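Engineer: Provided herewith is a single structure, encoded as C-alpha cells, for subsequent inquiry.
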Amino acid sequence: MLGVGFLLVAALVVWAIDPFDPFLVYQLSSVCYFAIGAAGLTVLTGLNGQLSLGHGALMGIGAYTTAVVLKAHTDLNPALVMGTATLVTAVASIIVGAAAARLRGPYLAGATLGLAVGLPGVAVRFSNIFGGDAGTSIPALVPPDALSSIAPEVWLTWIGLIPTVITFVLLANLVRTRYGRDFRAIREDEVASALNGIRVARTQVLAFVLSGACAGLAGSLLGYTSNLAAPGSFPLTLSLLLLAAVVIGGLGTLPGAVWGALVVVFVPSWISSLNDTVHLPSAVRDQLPLALFGAVFVVAMLAFPHGIQGGVVRLWQFRASRRRPGAQEQAADL
C-alpha cells in the first residue's frame with residue numbers, strides 16, 4: 001500500500017508539473033534516488049542496527065556501472081542498465097558486508113567512512129576506465145517516439161518513479177517476513193538472537209547487501225539525472241545526507257525515507273532562495289544555507305524525536321483518541 005500510495009501521489013504531481021520548469025522536475029528526480037537510498041539505509045541502520053557512513057560510495061558504484069555499461073551499449077534499455085548497476089553494487093556489498101559483520105559501533109562507522117572517502121580515488125586511479133576527475137558522461141534519457149510529446153525532464157521523473165515504487169513495495173513486504181523480524185531481533189540483542197537460532201553474521205551481511213543494492217539503484221538514477229558519474233558527485237556529504245534523511249524522516253520506517261528525501265531535497269533549495277532575498281555580507285551569505293539547514297535539522301529532532309513519520313503517527317493517534325469519546329457518547333444516546 002505504501003508503494004501504491006506513493007505512486008499515485010507522485011503521478012499526480014508529475015502530471016501537474018509545468019514541463020517548462022526543469023528545476024522542479026530535477027528536484028522530483030532527486031527525491032526518487034534519495035528515497036531509494038534512504039530506504040536501503042533504513043533497512044540497514046533502522047531495522048538491523050548497523051551504522052553506515054559509506055552509502056554515498058555505494059551509490060557511486062551504481063553510477064559508474066551505469067556509465068561503463070552505456071559506454072559499451074549506448075541504446076541499452078534503462079531497466080537493464082539499472083538492474084546491472086543494482087546487481088554489481090550488491091556483489092560489492094557482499095565484500096563490504098562480510099567485513100562489516102565483524103565490526104560494531106564506531107568501528108563499523110569508521111570502516112564505512114573510509115569507504116566513502118577512499119572509493120572516489122579509485123576512479124581517479126583508473127582514469128582510462130572511469131574518466132578520472134572529469135568523470136564519465138551518461139547519455140540523457142529521451143522518451144520513445146510514441147511518447148515524444150512528453151518533455152524529457154518529465155520522462156526522466158517517470159522513469160525514476162517506477163523503480164522507486166518497486167523498491168518500496170519489495171522492502172515493505174520484506175520487513176514483514178521472517179527476515180524483517182530477524183533484522184529487528186539482531187538490532188535489539190545480538191546474543192539473544194544467536195541463542196534463538198538466528199545466524200547473526202549471515203543476517204547482517206544480507207541486510208548490508210539489500211541496502212547496498214538499493215544504493216546501487218539510487219546511484220544509477222543519480223547518474224541518469226545528472227548525466228555524469230564523477231568523483232565529485234559522491235562526496236562524504238552525500239552519505240551524511242542519506243543518514244540525515246533517515247533520521248529526520250523516522251529511523252526504521254519506510255515512509256520516513258520518503259519524508260527524509262523530501263526534506264533533504266527541497267529544504268536546501270528553499271533556504272537558498274531565501275538567502276538570495278536577504279542582503280547580507282558575502283561571507284555570511286555563503287555559510288547561511290548550511291547553518292539554516294542545521295537549524296532545521298535540530299528543530300525537527302526536537303519537535304519530532306521519532307522523526308516526521310513518528311510525529312505523523314502520533315498526531316493521527318491523538319486525533320483518533322479525541323474522536324473516540326464523542327463516538328461513544330453518540331452511540332450511548334442512540
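Ordering of the C-alpha cells sets the chain letters (A, B, ...), residue numbers begin anew at 1 in every chain, and ligands are numbered from 1 in the order given.
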Can you tell me which residues surround A:Ala257 at a distance of at most 9 Å, considering only C-alpha atoms, apart from same-chain residues fewer than 5 positions away, and format the answer as a list of chain:residue names?
Structural biologist: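 Non-adjacent residues within range: A:Phe34, A:Ala35, A:Ile36, A:Gly37, A:Ala38, A:Ala39, A:Gly40, A:Leu41, A:Thr42, A:Ala245, A:Val246, A:Val247, A:Ile248, A:Gly249, A:Gly250, A:Leu251, A:Gly252, A:Leu262, A:Gln309.
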Engineer: Can I get the selection written as a short mmCIF file (atom, residue, chain, number, x, y, z; two decimals), in the first residue's frame, with N, CA and C atoms?
Structural biologist:
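selection_5.cif, freshly written:
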```
data_model
loop_
_atom_site.label_atom_id
_atom_site.label_comp_id
_atom_site.auth_asym_id
_atom_site.auth_seq_id
_atom_site.Cartn_x
_atom_site.Cartn_y
_atom_site.Cartn_z
N PHE A 34 17.06 9.73 -3.76
CA PHE A 34 17.29 9.87 -2.32
C PHE A 34 16.37 8.94 -1.53
N ALA A 35 15.12 8.80 -1.97
CA ALA A 35 14.19 7.92 -1.27
C ALA A 35 14.64 6.46 -1.35
N ILE A 36 15.13 6.04 -2.51
CA ILE A 36 15.61 4.66 -2.64
C ILE A 36 16.83 4.44 -1.76
N GLY A 37 17.80 5.36 -1.81
CA GLY A 37 18.98 5.22 -0.97
C GLY A 37 18.64 5.24 0.50
N ALA A 38 17.73 6.14 0.91
CA ALA A 38 17.33 6.21 2.31
C ALA A 38 16.55 4.97 2.74
N ALA A 39 15.76 4.40 1.84
CA ALA A 39 15.04 3.17 2.17
C ALA A 39 16.00 2.03 2.44
N GLY A 40 17.05 1.91 1.60
CA GLY A 40 18.05 0.87 1.86
C GLY A 40 18.77 1.10 3.16
N LEU A 41 19.11 2.35 3.47
CA LEU A 41 19.79 2.65 4.73
C LEU A 41 18.86 2.42 5.92
N THR A 42 17.56 2.59 5.71
CA THR A 42 16.59 2.30 6.76
C THR A 42 16.63 0.82 7.14
N ALA A 245 18.50 12.04 6.15
CA ALA A 245 17.16 11.76 5.65
C ALA A 245 16.49 10.66 6.45
N VAL A 246 17.26 9.63 6.79
CA VAL A 246 16.70 8.51 7.56
C VAL A 246 16.31 8.97 8.97
N VAL A 247 17.15 9.78 9.59
CA VAL A 247 16.89 10.22 10.96
C VAL A 247 15.74 11.23 10.99
N ILE A 248 15.75 12.21 10.09
CA ILE A 248 14.69 13.21 10.08
C ILE A 248 13.35 12.57 9.74
N GLY A 249 13.34 11.67 8.75
CA GLY A 249 12.08 11.07 8.33
C GLY A 249 11.51 10.13 9.36
N GLY A 250 12.35 9.39 10.04
CA GLY A 250 11.88 8.41 11.03
C GLY A 250 12.69 7.15 10.94
N LEU A 251 13.59 6.96 11.87
CA LEU A 251 14.51 5.84 11.83
C LEU A 251 13.75 4.52 11.92
N GLY A 252 13.96 3.65 10.95
CA GLY A 252 13.35 2.34 10.97
C GLY A 252 12.00 2.26 10.29
N LEU A 262 12.28 14.11 0.84
CA LEU A 262 11.66 15.40 0.53
C LEU A 262 12.35 16.54 1.27
N GLN A 309 7.76 10.81 10.45
CA GLN A 309 6.76 9.75 10.39
C GLN A 309 6.22 9.45 11.79
#
```
Engineer: Name all residues at most 7 Å from A:Leu47 (count only C-alpha atoms; drop same-chain ones fewer than 6 positions away) and give them as a list in words.
Structural biologist: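 These residues fall inside the cut-off: Phe183, Arg184, Arg187 and Gly252 of chain A.
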Engineer: Which residues of stretch 125-156 of chain A come within 9 Å of stretch 56-77 of chain A, and what is each one's closest atom pair and distance in Å (one decimal), counting only C-alpha atoms, sorted by chain and residue number, as CSV?
Structural biologist:
```
residue,atom,partner,partner_atom,distance
A:Ile129,CA,A:Val68,CA,7.7
A:Phe130,CA,A:Tyr64,CA,7.1
A:Gly135,CA,A:Tyr64,CA,8.8
A:Thr136,CA,A:Ala67,CA,6.3
A:Ser137,CA,A:Ala67,CA,6.7
A:Ile138,CA,A:Ala67,CA,5.4
A:Pro139,CA,A:Thr74,CA,7.6
```
Engineer: Nearest to A:Phe234: which of A:Gly260, A:Pro120, A:Gly160, A:Gly83 is it, counting only C-alpha atoms?
Structural biologist: A:Pro120
Engineer: May I ask for the distance between atom CA of A:Leu240 and atom CA of A:Asp189, given in Å to one decimal place?
Structural biologist: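 Here the two named atoms are 26.1 Å from each other.
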Engineer: Write down as an NGL selection string the residues of stretch 39-151 of chain A whose backbone DSSP state falls under alpha helix (DSSP H).
Structural biologist: :A and (39-41 or 55-72 or 78-100 or 105-125 or 127-130)
Engineer: Can you tell me which residues surround A:Ala213 at a distance of at most 8 Å, considering only C-alpha atoms, apart from same-chain residues fewer than 4 positions away, and format the answer as a short mmCIF file (atom, residue, chain, number, x, y, z; two decimals) with C-alpha atoms, in the first residue's frame?
Structural biologist:
```
data_model
loop_
_atom_site.label_atom_id
_atom_site.label_comp_id
_atom_site.auth_asym_id
_atom_site.auth_seq_id
_atom_site.Cartn_x
_atom_site.Cartn_y
_atom_site.Cartn_z
CA GLY A 40 18.05 0.87 1.86
CA THR A 86 21.96 -2.86 -8.74
CA LEU A 87 23.49 -6.31 -9.16
CA THR A 89 26.65 -2.95 -6.23
CA ALA A 90 25.02 -5.85 -4.40
CA SER A 93 28.27 -5.04 -0.83
CA VAL A 209 23.61 -6.46 0.57
CA LEU A 217 19.93 1.57 -7.93
#
```
Engineer: Run DSSP on the backbone and give me the residues of stretch 114-239 of chain A it puts in strand (DSSP E), as a PyMOL selection string.
Structural biologist: chain A and resi 136-137+228-229
Engineer: Pick out the residues sitting within 8 Å of A:Leu156, and hand them over as a ChimeraX atom specification; count only C-alpha atoms, and ignore anything fewer than 5 positions along from it in its own chain.
Structural biologist: /A:29,141-142,224-225
Engineer: Just the selected residues (C-alpha atoms), exported as a short mmCIF file (atom, residue, chain, number, x, y, z; two decimals), in the first residue's frame, please.
Structural biologist:
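See selection.cif below for the written result:
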```cif
data_model
loop_
_atom_site.label_atom_id
_atom_site.label_comp_id
_atom_site.auth_asym_id
_atom_site.auth_seq_id
_atom_site.Cartn_x
_atom_site.Cartn_y
_atom_site.Cartn_z
CA SER A 29 14.00 13.07 -9.79
CA LEU A 141 17.07 9.57 -21.23
CA VAL A 142 14.66 10.50 -24.01
CA TYR A 224 20.80 9.44 -15.29
CA THR A 225 19.60 12.60 -13.55
#
```
Engineer: Considering only C-alpha atoms, return as a count of residues only whatever protein or nucleic-acid residues lie within 10 Å of A:Gln204, sequence-local ones (same chain, fewer than 2 positions apart) excluded.
Structural biologist: 22
Engineer: Would you mind listing what lies within 9 Å of A:Leu171 as a list of chain:residue names, with only C-alpha atoms counted and same-chain residues fewer than 3 positions away left out?
Structural biologist: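 After dropping sequence-adjacent residues, the list is A:Ala39, A:Gly40, A:Val43, A:Ile166, A:Thr167, A:Phe168, A:Leu174, A:Val175, A:Arg176, A:Leu254.
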Engineer: Print the selection's residues with N, CA and C atoms to a file, as an mmCIF file, in the first residue's frame.
Structural biologist:
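New file part_36.cif:
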```
data_model
loop_
_atom_site.group_PDB
_atom_site.id
_atom_site.type_symbol
_atom_site.label_atom_id
_atom_site.label_comp_id
_atom_site.auth_asym_id
_atom_site.auth_seq_id
_atom_site.Cartn_x
_atom_site.Cartn_y
_atom_site.Cartn_z
ATOM 1 N N ALA A 39 15.765 4.397 1.836
ATOM 2 C CA ALA A 39 15.039 3.172 2.172
ATOM 3 C C ALA A 39 16.004 2.025 2.436
ATOM 4 N N GLY A 40 17.047 1.905 1.602
ATOM 5 C CA GLY A 40 18.048 0.874 1.858
ATOM 6 C C GLY A 40 18.775 1.098 3.163
ATOM 7 N N VAL A 43 16.726 -0.040 6.139
ATOM 8 C CA VAL A 43 16.826 -1.470 6.420
ATOM 9 C C VAL A 43 18.096 -1.785 7.203
ATOM 10 N N ILE A 166 8.735 0.160 -7.018
ATOM 11 C CA ILE A 166 9.072 -1.267 -6.921
ATOM 12 C C ILE A 166 9.929 -1.532 -5.687
ATOM 13 N N THR A 167 10.903 -0.669 -5.448
ATOM 14 C CA THR A 167 11.775 -0.837 -4.280
ATOM 15 C C THR A 167 10.983 -0.784 -2.989
ATOM 16 N N PHE A 168 10.100 0.194 -2.858
ATOM 17 C CA PHE A 168 9.344 0.332 -1.615
ATOM 18 C C PHE A 168 8.369 -0.821 -1.414
ATOM 19 N N LEU A 174 9.210 -7.288 2.512
ATOM 20 C CA LEU A 174 10.327 -7.998 3.136
ATOM 21 C C LEU A 174 10.347 -7.813 4.642
ATOM 22 N N VAL A 175 10.108 -6.591 5.110
ATOM 23 C CA VAL A 175 10.210 -6.339 6.550
ATOM 24 C C VAL A 175 9.105 -7.032 7.327
ATOM 25 N N ARG A 176 8.097 -7.520 6.634
ATOM 26 C CA ARG A 176 7.027 -8.257 7.305
ATOM 27 C C ARG A 176 7.287 -9.764 7.336
ATOM 28 N N LEU A 254 9.856 2.907 6.598
ATOM 29 C CA LEU A 254 9.971 3.182 5.172
ATOM 30 C C LEU A 254 9.287 4.480 4.754
#
```
Engineer: When you draw a straight line from atom CA of A:Phe297 to atom CA of A:Trp270, how long is it in Å?
Structural biologist: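 If I compute the distance from atom CA of A:Phe297 to atom CA of A:Trp270, I get 14.3 Å.
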